[in-house]
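Q: Just protein_4.txt, nothing more (compact mmCIF, C-alpha atoms):
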```txt
# COMPACT_ATOMS: atom_id res chain seq x y z
CA MET A 1 10.74 -27.87 20.43
CA ASN A 2 13.09 -25.07 21.30
CA LEU A 3 11.80 -21.78 22.57
CA THR A 4 12.82 -19.16 20.04
CA GLY A 5 11.60 -15.61 19.80
CA GLU A 6 9.73 -16.62 16.68
CA PHE A 7 7.85 -19.36 18.51
CA VAL A 8 6.87 -17.02 21.36
CA ALA A 9 5.73 -14.34 18.90
CA PHE A 10 3.74 -16.89 16.92
CA PHE A 11 2.11 -18.16 20.10
CA ILE A 12 1.11 -14.66 21.27
CA LEU A 13 -0.17 -13.67 17.82
CA SER A 14 -2.25 -16.80 17.37
CA VAL A 15 -3.77 -16.42 20.82
CA MET A 16 -4.66 -12.85 19.87
CA ALA A 17 -6.14 -13.90 16.53
CA ILE A 18 -8.22 -16.69 18.03
CA GLY A 19 -9.20 -14.51 20.98
CA GLY A 20 -10.39 -11.77 18.64
CA ALA A 21 -12.45 -14.29 16.69
CA VAL A 22 -14.02 -15.75 19.85
CA PHE A 23 -14.83 -12.29 21.18
CA MET A 24 -16.33 -11.37 17.83
CA ILE A 25 -18.80 -14.22 18.14
CA ASN A 26 -19.58 -13.63 21.81
CA PHE A 27 -20.03 -9.86 21.83
CA THR A 28 -23.63 -8.72 21.63
CA ARG A 29 -22.98 -5.24 20.25
CA VAL A 30 -22.22 -5.12 16.56
CA ILE A 31 -19.65 -2.37 16.91
CA HIS A 32 -17.64 -4.42 19.39
CA MET A 33 -17.78 -7.32 16.95
CA ALA A 34 -16.29 -5.16 14.20
CA LEU A 35 -13.48 -4.03 16.51
CA ALA A 36 -12.73 -7.61 17.54
CA LEU A 37 -12.64 -8.61 13.89
CA ALA A 38 -10.16 -5.81 13.12
CA PHE A 39 -8.04 -7.09 16.01
CA THR A 40 -8.05 -10.58 14.49
CA PHE A 41 -7.04 -9.19 11.08
CA PHE A 42 -4.21 -7.30 12.73
CA SER A 43 -2.89 -10.39 14.52
CA ILE A 44 -2.97 -12.34 11.28
CA ALA A 45 -0.85 -9.58 9.72
CA GLY A 46 1.70 -10.23 12.46
CA ILE A 47 1.72 -13.94 11.60
CA TYR A 48 2.36 -13.10 7.93
CA LEU A 49 5.27 -10.95 9.07
CA LEU A 50 6.71 -13.91 10.97
CA LEU A 51 6.50 -15.96 7.77
CA ASN A 52 8.70 -13.38 5.99
CA ALA A 53 5.77 -12.25 3.85
CA GLU A 54 6.15 -8.53 4.53
CA PHE A 55 4.12 -7.42 1.54
CA VAL A 56 1.16 -9.63 2.44
CA ALA A 57 1.39 -8.33 6.01
CA VAL A 58 1.29 -4.72 4.83
CA ILE A 59 -1.68 -5.49 2.59
CA GLN A 60 -3.42 -7.24 5.47
CA VAL A 61 -3.07 -4.13 7.64
CA LEU A 62 -3.93 -1.67 4.86
CA ILE A 63 -6.82 -3.48 3.23
CA TYR A 64 -8.30 -5.72 5.89
CA THR A 65 -7.62 -3.92 9.15
CA GLY A 66 -8.07 -0.54 7.52
CA ALA A 67 -10.50 -0.67 4.65
CA VAL A 68 -12.62 -3.76 5.26
CA SER A 69 -13.19 -2.90 8.91
CA ILE A 70 -14.16 0.66 7.96
CA LEU A 71 -16.50 -0.72 5.30
CA MET A 72 -18.11 -2.99 7.89
CA LEU A 73 -18.48 -0.15 10.38
CA PHE A 74 -20.14 1.97 7.70
CA GLY A 75 -22.38 -0.95 6.81
CA ILE A 76 -23.32 -1.33 10.47
CA MET A 77 -24.09 2.37 10.79
CA LEU A 78 -26.47 2.12 7.84
CA THR A 79 -28.48 -0.77 9.22
CA LYS A 80 -30.60 -1.31 12.27
CA HIS A 81 -27.85 -2.26 14.69
CA ARG A 82 -29.51 -1.44 17.98
CA ASP A 83 -31.27 -4.70 18.65
CA GLU A 84 -29.00 -6.81 20.74
CA GLU A 85 -30.31 -10.05 19.46
CA LYS A 86 -30.77 -12.96 21.75
CA GLY A 87 -32.40 -15.46 19.48
CA SER A 88 -33.59 -18.77 20.79
CA ILE A 89 -31.13 -21.49 19.92
CA ALA A 90 -32.16 -25.12 19.98
CA PRO A 91 -30.22 -27.14 22.60
CA TRP A 92 -28.85 -29.60 20.06
CA HIS A 93 -27.62 -26.70 17.92
CA SER A 94 -24.35 -26.17 19.76
CA VAL A 95 -23.64 -29.91 19.91
CA LEU A 96 -24.18 -30.18 16.18
CA SER A 97 -21.94 -27.21 15.40
CA PHE A 98 -19.28 -28.60 17.73
CA ILE A 99 -19.34 -31.92 15.84
CA ALA A 100 -19.15 -30.12 12.49
CA ALA A 101 -16.25 -27.92 13.59
CA GLY A 102 -14.45 -30.93 15.08
CA ALA A 103 -14.89 -32.93 11.88
CA PHE A 104 -13.58 -30.03 9.82
CA PHE A 105 -10.55 -29.70 12.11
CA GLY A 106 -9.91 -33.45 11.87
CA ILE A 107 -10.09 -33.47 8.08
CA VAL A 108 -7.77 -30.47 7.76
CA MET A 109 -5.21 -31.95 10.15
CA TRP A 110 -5.40 -35.32 8.40
CA ILE A 111 -4.73 -33.68 5.04
CA ILE A 112 -1.86 -31.62 6.45
CA TYR A 113 -0.15 -34.67 7.93
CA ARG A 114 -0.69 -36.80 4.83
CA THR A 115 0.51 -34.29 2.26
CA PRO A 116 4.18 -34.75 1.42
CA ILE A 117 5.78 -31.34 1.25
CA ALA A 118 8.23 -31.65 -1.61
CA GLY A 119 10.63 -29.13 -3.01
CA GLU A 120 13.90 -27.66 -1.94
CA GLN A 121 14.42 -25.13 0.77
CA VAL A 122 15.13 -21.63 -0.44
CA ASP A 123 16.06 -18.45 1.31
CA LEU A 124 12.77 -16.67 1.86
CA LYS A 125 14.44 -13.30 2.07
CA GLN A 126 14.87 -13.15 -1.69
CA PHE A 127 11.11 -13.03 -2.22
CA GLY A 128 10.79 -9.59 -0.72
CA VAL A 129 8.90 -6.55 -1.88
CA ALA A 130 11.77 -5.56 -4.17
CA ARG A 131 11.48 -8.75 -6.24
CA LEU A 132 7.74 -8.33 -6.47
CA GLY A 133 8.04 -4.70 -7.53
CA GLU A 134 10.57 -5.58 -10.21
CA ALA A 135 8.28 -8.26 -11.60
CA VAL A 136 5.24 -6.00 -11.65
CA PHE A 137 6.87 -2.88 -13.05
CA LYS A 138 9.22 -4.54 -15.54
CA GLN A 139 7.65 -7.78 -16.68
CA TYR A 140 3.94 -7.29 -16.13
CA VAL A 141 3.42 -3.65 -17.03
CA ILE A 142 0.25 -4.22 -19.06
CA PRO A 143 -1.57 -6.25 -16.35
CA PHE A 144 -0.59 -3.54 -13.90
CA GLU A 145 -2.17 -0.84 -16.00
CA LEU A 146 -5.21 -3.05 -16.55
CA ALA A 147 -5.55 -3.29 -12.77
CA SER A 148 -6.00 0.47 -12.67
CA VAL A 149 -8.73 0.21 -15.33
CA LEU A 150 -10.37 -2.45 -13.16
CA LEU A 151 -10.27 -0.10 -10.19
CA LEU A 152 -11.77 2.65 -12.35
CA VAL A 153 -14.62 0.35 -13.40
CA ALA A 154 -15.24 -0.59 -9.76
CA LEU A 155 -15.33 3.08 -8.79
CA VAL A 156 -17.76 4.04 -11.56
CA GLY A 157 -19.91 1.01 -10.80
CA ALA A 158 -20.07 1.91 -7.11
CA VAL A 159 -21.09 5.48 -7.95
CA ILE A 160 -23.79 4.34 -10.37
CA LEU A 161 -25.23 1.77 -7.97
CA ALA A 162 -25.31 4.18 -5.05
CA LYS A 163 -26.86 6.90 -7.18
CA LYS A 164 -29.59 4.53 -8.33
CA GLU A 165 -30.29 3.61 -4.71
CA GLU A 166 -30.90 7.23 -3.81
CA ARG A 167 -33.61 7.91 -6.34
CA MET B 6 15.60 -19.56 10.59
CA SER B 7 16.08 -16.60 12.88
CA LEU B 8 14.09 -13.47 13.21
CA ASP B 9 14.93 -10.41 11.20
CA PRO B 10 16.19 -7.75 13.64
CA SER B 11 13.96 -5.17 11.97
CA LEU B 12 11.00 -7.25 13.15
CA MET B 13 12.00 -6.36 16.68
CA HIS B 14 11.35 -2.68 15.91
CA ILE B 15 7.85 -3.58 14.78
CA ALA B 16 7.36 -5.73 17.87
CA VAL B 17 8.43 -2.84 20.12
CA PHE B 18 6.05 -0.46 18.35
CA PHE B 19 3.29 -3.05 18.64
CA ILE B 20 3.80 -3.57 22.38
CA VAL B 21 4.13 0.16 23.12
CA GLY B 22 1.08 0.88 20.96
CA ILE B 23 -1.03 -1.57 22.95
CA ALA B 24 0.46 -0.70 26.34
CA LEU B 25 0.12 3.07 26.03
CA PRO B 26 -3.70 3.34 25.94
CA VAL B 27 -4.10 0.48 28.42
CA VAL B 28 -1.74 2.04 30.95
CA ALA B 29 -2.99 5.60 30.41
CA LEU B 30 -6.66 4.68 30.76
CA GLY B 31 -5.91 2.25 33.59
CA ILE B 32 -4.10 4.90 35.65
CA GLY B 33 -6.86 7.37 34.84
CA ARG B 34 -9.42 4.92 36.15
CA LEU B 35 -7.48 4.47 39.40
CA LEU B 36 -7.02 8.20 40.00
CA ARG B 37 -10.38 9.66 39.05
CA PRO B 38 -13.39 9.74 41.36
CA HIS B 39 -16.31 7.62 40.26
CA GLN B 40 -19.65 9.17 41.14
CA PRO B 41 -22.06 8.72 38.24
CA SER B 42 -25.38 10.51 38.22
CA ALA B 43 -28.18 10.64 35.68
CA ASP B 44 -27.12 14.10 34.48
CA LYS B 45 -23.52 13.06 33.97
CA SER B 46 -24.27 10.03 31.83
CA VAL B 47 -26.37 11.98 29.35
CA THR B 48 -24.86 12.04 25.85
CA TYR B 49 -22.94 15.27 25.32
CA GLU B 50 -24.44 17.37 22.58
CA SER B 51 -22.95 20.87 22.64
CA GLY B 52 -24.64 21.79 25.89
CA VAL B 53 -28.24 21.20 24.76
CA ASP B 54 -30.42 18.31 25.80
CA PRO B 55 -29.87 15.48 23.31
CA THR B 56 -32.77 14.15 21.30
CA GLY B 57 -32.75 10.43 20.72
CA ASP B 58 -29.40 8.77 21.33
CA SER B 59 -26.03 8.69 19.63
CA TRP B 60 -26.78 5.55 17.63
CA VAL B 61 -28.60 6.99 14.65
CA GLN B 62 -29.01 5.31 11.32
CA PHE B 63 -26.92 7.08 8.70
CA ASN B 64 -27.86 7.94 5.15
CA VAL B 65 -26.91 5.40 2.48
CA ARG B 66 -24.83 7.95 0.61
CA TYR B 67 -22.15 7.88 3.30
CA TYR B 68 -21.45 4.30 2.27
CA LEU B 69 -20.04 5.67 -0.96
CA PHE B 70 -17.30 7.45 0.94
CA ALA B 71 -16.30 4.09 2.40
CA LEU B 72 -16.32 2.46 -1.04
CA LEU B 73 -14.19 5.24 -2.52
CA PHE B 74 -11.83 4.87 0.42
CA VAL B 75 -11.42 1.14 -0.26
CA ILE B 76 -10.61 1.78 -3.93
CA PHE B 77 -7.96 4.35 -3.13
CA ASP B 78 -6.64 2.08 -0.43
CA VAL B 79 -6.08 -0.64 -3.02
CA GLU B 80 -4.25 1.95 -5.10
CA THR B 81 -1.87 2.50 -2.18
CA VAL B 82 -1.01 -1.19 -2.26
CA PHE B 83 0.44 -0.68 -5.75
CA LEU B 84 2.29 2.47 -4.74
CA TYR B 85 4.18 0.64 -2.01
CA PRO B 86 6.24 -1.83 -4.12
CA TRP B 87 6.67 0.90 -6.73
CA ALA B 88 8.29 3.18 -4.17
CA VAL B 89 10.55 0.34 -3.04
CA VAL B 90 11.94 -0.48 -6.49
CA TYR B 91 11.80 3.04 -7.95
CA ASP B 92 15.49 3.85 -7.53
CA SER B 93 16.84 0.58 -8.92
CA LEU B 94 14.44 0.52 -11.88
CA ARG B 95 15.12 4.14 -12.75
CA LYS B 96 18.74 3.29 -13.35
CA GLU B 97 17.65 0.52 -15.71
CA MET B 98 14.64 1.89 -17.51
CA GLY B 99 14.82 5.65 -17.02
CA LEU B 100 11.67 7.63 -16.56
CA PHE B 101 9.47 4.85 -17.94
CA VAL B 102 8.91 3.74 -14.34
CA LEU B 103 7.51 7.13 -13.49
CA ALA B 104 5.33 7.13 -16.62
CA GLU B 105 3.91 3.72 -15.66
CA MET B 106 2.72 4.99 -12.33
CA LEU B 107 1.44 8.25 -13.81
CA VAL B 108 -0.76 6.31 -16.25
CA PHE B 109 -1.97 4.17 -13.35
CA LEU B 110 -2.82 7.25 -11.31
CA LEU B 111 -4.42 8.96 -14.31
CA PHE B 112 -7.13 6.32 -14.52
CA LEU B 113 -7.96 6.75 -10.86
CA VAL B 114 -7.99 10.54 -11.17
CA ILE B 115 -10.49 10.09 -14.02
CA GLY B 116 -12.61 8.04 -11.61
CA LEU B 117 -12.30 10.72 -8.95
CA ILE B 118 -13.33 13.44 -11.41
CA TYR B 119 -16.29 11.29 -12.46
CA ALA B 120 -17.37 10.90 -8.83
CA TRP B 121 -16.91 14.62 -8.33
CA LYS B 122 -19.01 15.50 -11.37
CA LYS B 123 -21.73 13.13 -10.21
CA LYS B 124 -21.83 15.14 -6.96
CA VAL B 125 -20.94 12.11 -4.87
CA LEU B 126 -18.42 14.05 -2.85
CA GLU B 127 -20.89 16.68 -1.71
CA TRP B 128 -21.68 16.53 1.96
CA LYS B 129 -25.25 17.61 2.53
```
Will you turn the file into structure tokens for me?
A:
Amino acid sequence: MNLTGEFVAFFILSVMAIGGAVFMINFTRVIHMALALAFTFFSIAGIYLLLNAEFVAVIQVLIYTGAVSILMLFGIMLTKHRDEEKGSIAPWHSVLSFIAAGAFFGIVMWIIYRTPIAGEQVDLKQFGVARLGEAVFKQYVIPFELASVLLLVALVGAVILAKKEER
Amino acid sequence: MSLDPSLMHIAVFFIVGIALPVVALGIGRLLRPHQPSADKSVTYESGVDPTGDSWVQFNVRYYLFALLFVIFDVETVFLYPWAVVYDSLRKEMGLFVLAEMLVFLLFLVIGLIYAWKKKVLEWK
């Protein structure tokens, strides 16, 4: 395994992503959890960038780090978030979850190593944002416009639901 | 497969963005005196004594602002590839590209007007 810049960047980003996730579970304050989660989302965006998926990386930052984190923070502000819960956990609970997580990891790794990855190698650079934009705005114009109708329906639905809640 | 040089720009921004607050706050912590007292750690509320604490439970209607924000954020996702290919597609298809996006935006403006009429955007 040679030490390229890509490998170092991948290593740092995955440590950050996993670290964010671990901190999210271990923090007792909900607001810290949300921040740690946003940090994890951000690191995952960096990993997408390393995989030459710029568009997915931008979406990850815009939607997940930006919007979903904000949505969670708003959700936290609306609920009773002051109790720093320290529930009683049965002693065998952590052992059981460790076994379950280990089994899941084993199965996933087994599948990854067994699956033959067929297909030819292509230059990933040609699947950039420009190709995607051309496909969406030339070939799939109608689905694109329908997406805006979908967003409109979501907006109206959100307004109606929230208005009903208020009454 | 080697790294795109433009990724290095992003990496530099990333590192500087993380280092700047860490270094600034770290130096501040080293330089400033640290003598907390009960009066100093009171929540600041425009010079009057605060009632309760800063962690209040907000009204449900603020959640709508977050939901609207998410919807317009998703809209931005479509604007981004459109802006990238705009020049090349304009040479091919003319102003149809612009019309496409205008129709797309029109639907969302309708939604915004609807929310406005329903007095969702009023901050009481």
Q: Skip region 108-119 of chain B itself and residues of its chain fewer than 6 positions away, then list as a PyMOL selection string all residues within 7 Å of it, counting all atoms listed in the file.
A: chain A and resi 145+148-149+152+155-156
Q: One decimal, in Å: what's the spacing between CA of Ile117 (chain A) and CA of Leu49 (chain A)?
A: 21.8 Å
Q: Enumerate as a PyMOL selection string the residues belonging to chain B that approach chain A to within 9 Å, with all atoms listed in the file taken into account.
A: chain B and resi 6-9+12+16+60-69+71-83+85-91+93-94+98+102+105-106+108-117+119-120+123+125
Q: Just to confirm, what's the straight-line distance from CA of Leu35 (chain A) to CA of Val22 (chain A) in Å (one decimal)?
A: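 Between these atoms lies a distance of 12.2 Å.
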Q: Quick one, how far is CA of Ile23 (chain B) from CA of Phe27 (chain A)?
A: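 Separation between CA of Ile23 (chain B) and CA of Phe27 (chain A): 20.8 Å.
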Q: Identify which of the residues A:Leu3, A:Leu13, A:Ala53, A:Ser69 lies closest to Met33 (chain A), counting all atoms listed in the file when measuring atom-to-atom distances.
A: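 Going through A:Leu3, A:Leu13, A:Ala53, A:Ser69 one by one, the smallest distance to Met33 (chain A) is for A:Ser69.
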Q: Reconstruct N, CA and C atoms of region 68-100 of chain B; output as a PDB file, in the frame of the given file.
A:
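rebuild-v9.pdb written:
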```
ATOM      1  N   TYR B  68     -22.109   5.564   2.601  1.00  0.00           N
ATOM      2  CA  TYR B  68     -21.450   4.300   2.270  1.00  0.00           C
ATOM      3  C   TYR B  68     -20.514   4.475   1.082  1.00  0.00           C
ATOM      4  N   LEU B  69     -20.877   5.427   0.218  1.00  0.00           N
ATOM      5  CA  LEU B  69     -20.040   5.670  -0.960  1.00  0.00           C
ATOM      6  C   LEU B  69     -18.651   6.171  -0.572  1.00  0.00           C
ATOM      7  N   PHE B  70     -18.601   6.967   0.481  1.00  0.00           N
ATOM      8  CA  PHE B  70     -17.300   7.450   0.940  1.00  0.00           C
ATOM      9  C   PHE B  70     -16.431   6.255   1.334  1.00  0.00           C
ATOM     10  N   ALA B  71     -17.058   5.286   2.004  1.00  0.00           N
ATOM     11  CA  ALA B  71     -16.300   4.090   2.400  1.00  0.00           C
ATOM     12  C   ALA B  71     -15.833   3.323   1.183  1.00  0.00           C
ATOM     13  N   LEU B  72     -16.701   3.202   0.169  1.00  0.00           N
ATOM     14  CA  LEU B  72     -16.320   2.460  -1.040  1.00  0.00           C
ATOM     15  C   LEU B  72     -15.180   3.155  -1.766  1.00  0.00           C
ATOM     16  N   LEU B  73     -15.269   4.499  -1.876  1.00  0.00           N
ATOM     17  CA  LEU B  73     -14.190   5.240  -2.520  1.00  0.00           C
ATOM     18  C   LEU B  73     -12.896   5.057  -1.743  1.00  0.00           C
ATOM     19  N   PHE B  74     -13.009   5.058  -0.418  1.00  0.00           N
ATOM     20  CA  PHE B  74     -11.830   4.870   0.420  1.00  0.00           C
ATOM     21  C   PHE B  74     -11.172   3.523   0.146  1.00  0.00           C
ATOM     22  N   VAL B  75     -11.976   2.469  -0.005  1.00  0.00           N
ATOM     23  CA  VAL B  75     -11.420   1.140  -0.260  1.00  0.00           C
ATOM     24  C   VAL B  75     -10.672   1.140  -1.595  1.00  0.00           C
ATOM     25  N   ILE B  76     -11.257   1.787  -2.620  1.00  0.00           N
ATOM     26  CA  ILE B  76     -10.610   1.780  -3.930  1.00  0.00           C
ATOM     27  C   ILE B  76      -9.267   2.507  -3.887  1.00  0.00           C
ATOM     28  N   PHE B  77      -9.228   3.635  -3.192  1.00  0.00           N
ATOM     29  CA  PHE B  77      -7.960   4.350  -3.130  1.00  0.00           C
ATOM     30  C   PHE B  77      -6.971   3.668  -2.196  1.00  0.00           C
ATOM     31  N   ASP B  78      -7.500   2.874  -1.294  1.00  0.00           N
ATOM     32  CA  ASP B  78      -6.640   2.080  -0.430  1.00  0.00           C
ATOM     33  C   ASP B  78      -5.931   0.991  -1.239  1.00  0.00           C
ATOM     34  N   VAL B  79      -6.673   0.375  -2.154  1.00  0.00           N
ATOM     35  CA  VAL B  79      -6.080  -0.640  -3.020  1.00  0.00           C
ATOM     36  C   VAL B  79      -5.002  -0.011  -3.901  1.00  0.00           C
ATOM     37  N   GLU B  80      -5.245   1.237  -4.310  1.00  0.00           N
ATOM     38  CA  GLU B  80      -4.250   1.950  -5.100  1.00  0.00           C
ATOM     39  C   GLU B  80      -2.939   2.086  -4.317  1.00  0.00           C
ATOM     40  N   THR B  81      -3.049   2.364  -3.029  1.00  0.00           N
ATOM     41  CA  THR B  81      -1.870   2.500  -2.180  1.00  0.00           C
ATOM     42  C   THR B  81      -1.024   1.230  -2.184  1.00  0.00           C
ATOM     43  N   VAL B  82      -1.712   0.085  -2.254  1.00  0.00           N
ATOM     44  CA  VAL B  82      -1.010  -1.190  -2.260  1.00  0.00           C
ATOM     45  C   VAL B  82      -0.049  -1.270  -3.442  1.00  0.00           C
ATOM     46  N   PHE B  83      -0.456  -0.680  -4.591  1.00  0.00           N
ATOM     47  CA  PHE B  83       0.440  -0.680  -5.750  1.00  0.00           C
ATOM     48  C   PHE B  83       1.552   0.338  -5.597  1.00  0.00           C
ATOM     49  N   LEU B  84       1.262   1.435  -4.904  1.00  0.00           N
ATOM     50  CA  LEU B  84       2.290   2.470  -4.740  1.00  0.00           C
ATOM     51  C   LEU B  84       3.450   1.968  -3.886  1.00  0.00           C
ATOM     52  N   TYR B  85       3.152   1.073  -2.959  1.00  0.00           N
ATOM     53  CA  TYR B  85       4.180   0.640  -2.010  1.00  0.00           C
ATOM     54  C   TYR B  85       5.337  -0.106  -2.681  1.00  0.00           C
ATOM     55  N   PRO B  86       5.094  -1.180  -3.470  1.00  0.00           N
ATOM     56  CA  PRO B  86       6.240  -1.830  -4.120  1.00  0.00           C
ATOM     57  C   PRO B  86       6.902  -0.919  -5.149  1.00  0.00           C
ATOM     58  N   TRP B  87       6.113  -0.031  -5.760  1.00  0.00           N
ATOM     59  CA  TRP B  87       6.670   0.900  -6.730  1.00  0.00           C
ATOM     60  C   TRP B  87       7.711   1.799  -6.066  1.00  0.00           C
ATOM     61  N   ALA B  88       7.355   2.312  -4.884  1.00  0.00           N
ATOM     62  CA  ALA B  88       8.290   3.180  -4.170  1.00  0.00           C
ATOM     63  C   ALA B  88       9.550   2.417  -3.764  1.00  0.00           C
ATOM     64  N   VAL B  89       9.389   1.122  -3.457  1.00  0.00           N
ATOM     65  CA  VAL B  89      10.550   0.340  -3.040  1.00  0.00           C
ATOM     66  C   VAL B  89      11.539   0.152  -4.191  1.00  0.00           C
ATOM     67  N   VAL B  90      11.031  -0.162  -5.387  1.00  0.00           N
ATOM     68  CA  VAL B  90      11.940  -0.480  -6.490  1.00  0.00           C
ATOM     69  C   VAL B  90      12.243   0.726  -7.371  1.00  0.00           C
ATOM     70  N   TYR B  91      11.693   1.895  -7.042  1.00  0.00           N
ATOM     71  CA  TYR B  91      11.800   3.040  -7.950  1.00  0.00           C
ATOM     72  C   TYR B  91      13.258   3.351  -8.302  1.00  0.00           C
ATOM     73  N   ASP B  92      14.107   3.454  -7.282  1.00  0.00           N
ATOM     74  CA  ASP B  92      15.490   3.850  -7.530  1.00  0.00           C
ATOM     75  C   ASP B  92      16.221   2.877  -8.438  1.00  0.00           C
ATOM     76  N   SER B  93      16.081   1.568  -8.143  1.00  0.00           N
ATOM     77  CA  SER B  93      16.840   0.580  -8.920  1.00  0.00           C
ATOM     78  C   SER B  93      16.297   0.504 -10.350  1.00  0.00           C
ATOM     79  N   LEU B  94      14.989   0.620 -10.523  1.00  0.00           N
ATOM     80  CA  LEU B  94      14.440   0.520 -11.880  1.00  0.00           C
ATOM     81  C   LEU B  94      14.699   1.785 -12.684  1.00  0.00           C
ATOM     82  N   ARG B  95      14.856   2.913 -12.005  1.00  0.00           N
ATOM     83  CA  ARG B  95      15.120   4.140 -12.750  1.00  0.00           C
ATOM     84  C   ARG B  95      16.482   4.084 -13.412  1.00  0.00           C
ATOM     85  N   LYS B  96      17.420   3.418 -12.749  1.00  0.00           N
ATOM     86  CA  LYS B  96      18.740   3.290 -13.350  1.00  0.00           C
ATOM     87  C   LYS B  96      18.679   2.414 -14.587  1.00  0.00           C
ATOM     88  N   GLU B  97      17.763   1.442 -14.582  1.00  0.00           N
ATOM     89  CA  GLU B  97      17.650   0.520 -15.710  1.00  0.00           C
ATOM     90  C   GLU B  97      16.815   1.074 -16.851  1.00  0.00           C
ATOM     91  N   MET B  98      15.629   1.575 -16.491  1.00  0.00           N
ATOM     92  CA  MET B  98      14.640   1.890 -17.510  1.00  0.00           C
ATOM     93  C   MET B  98      14.381   3.379 -17.683  1.00  0.00           C
ATOM     94  N   GLY B  99      15.047   4.219 -16.893  1.00  0.00           N
ATOM     95  CA  GLY B  99      14.820   5.650 -17.020  1.00  0.00           C
ATOM     96  C   GLY B  99      13.454   6.044 -16.488  1.00  0.00           C
ATOM     97  N   LEU B 100      12.901   7.062 -17.087  1.00  0.00           N
ATOM     98  CA  LEU B 100      11.670   7.630 -16.560  1.00  0.00           C
ATOM     99  C   LEU B 100      10.418   6.823 -16.905  1.00  0.00           C
TER     100      LEU B 100
END
```
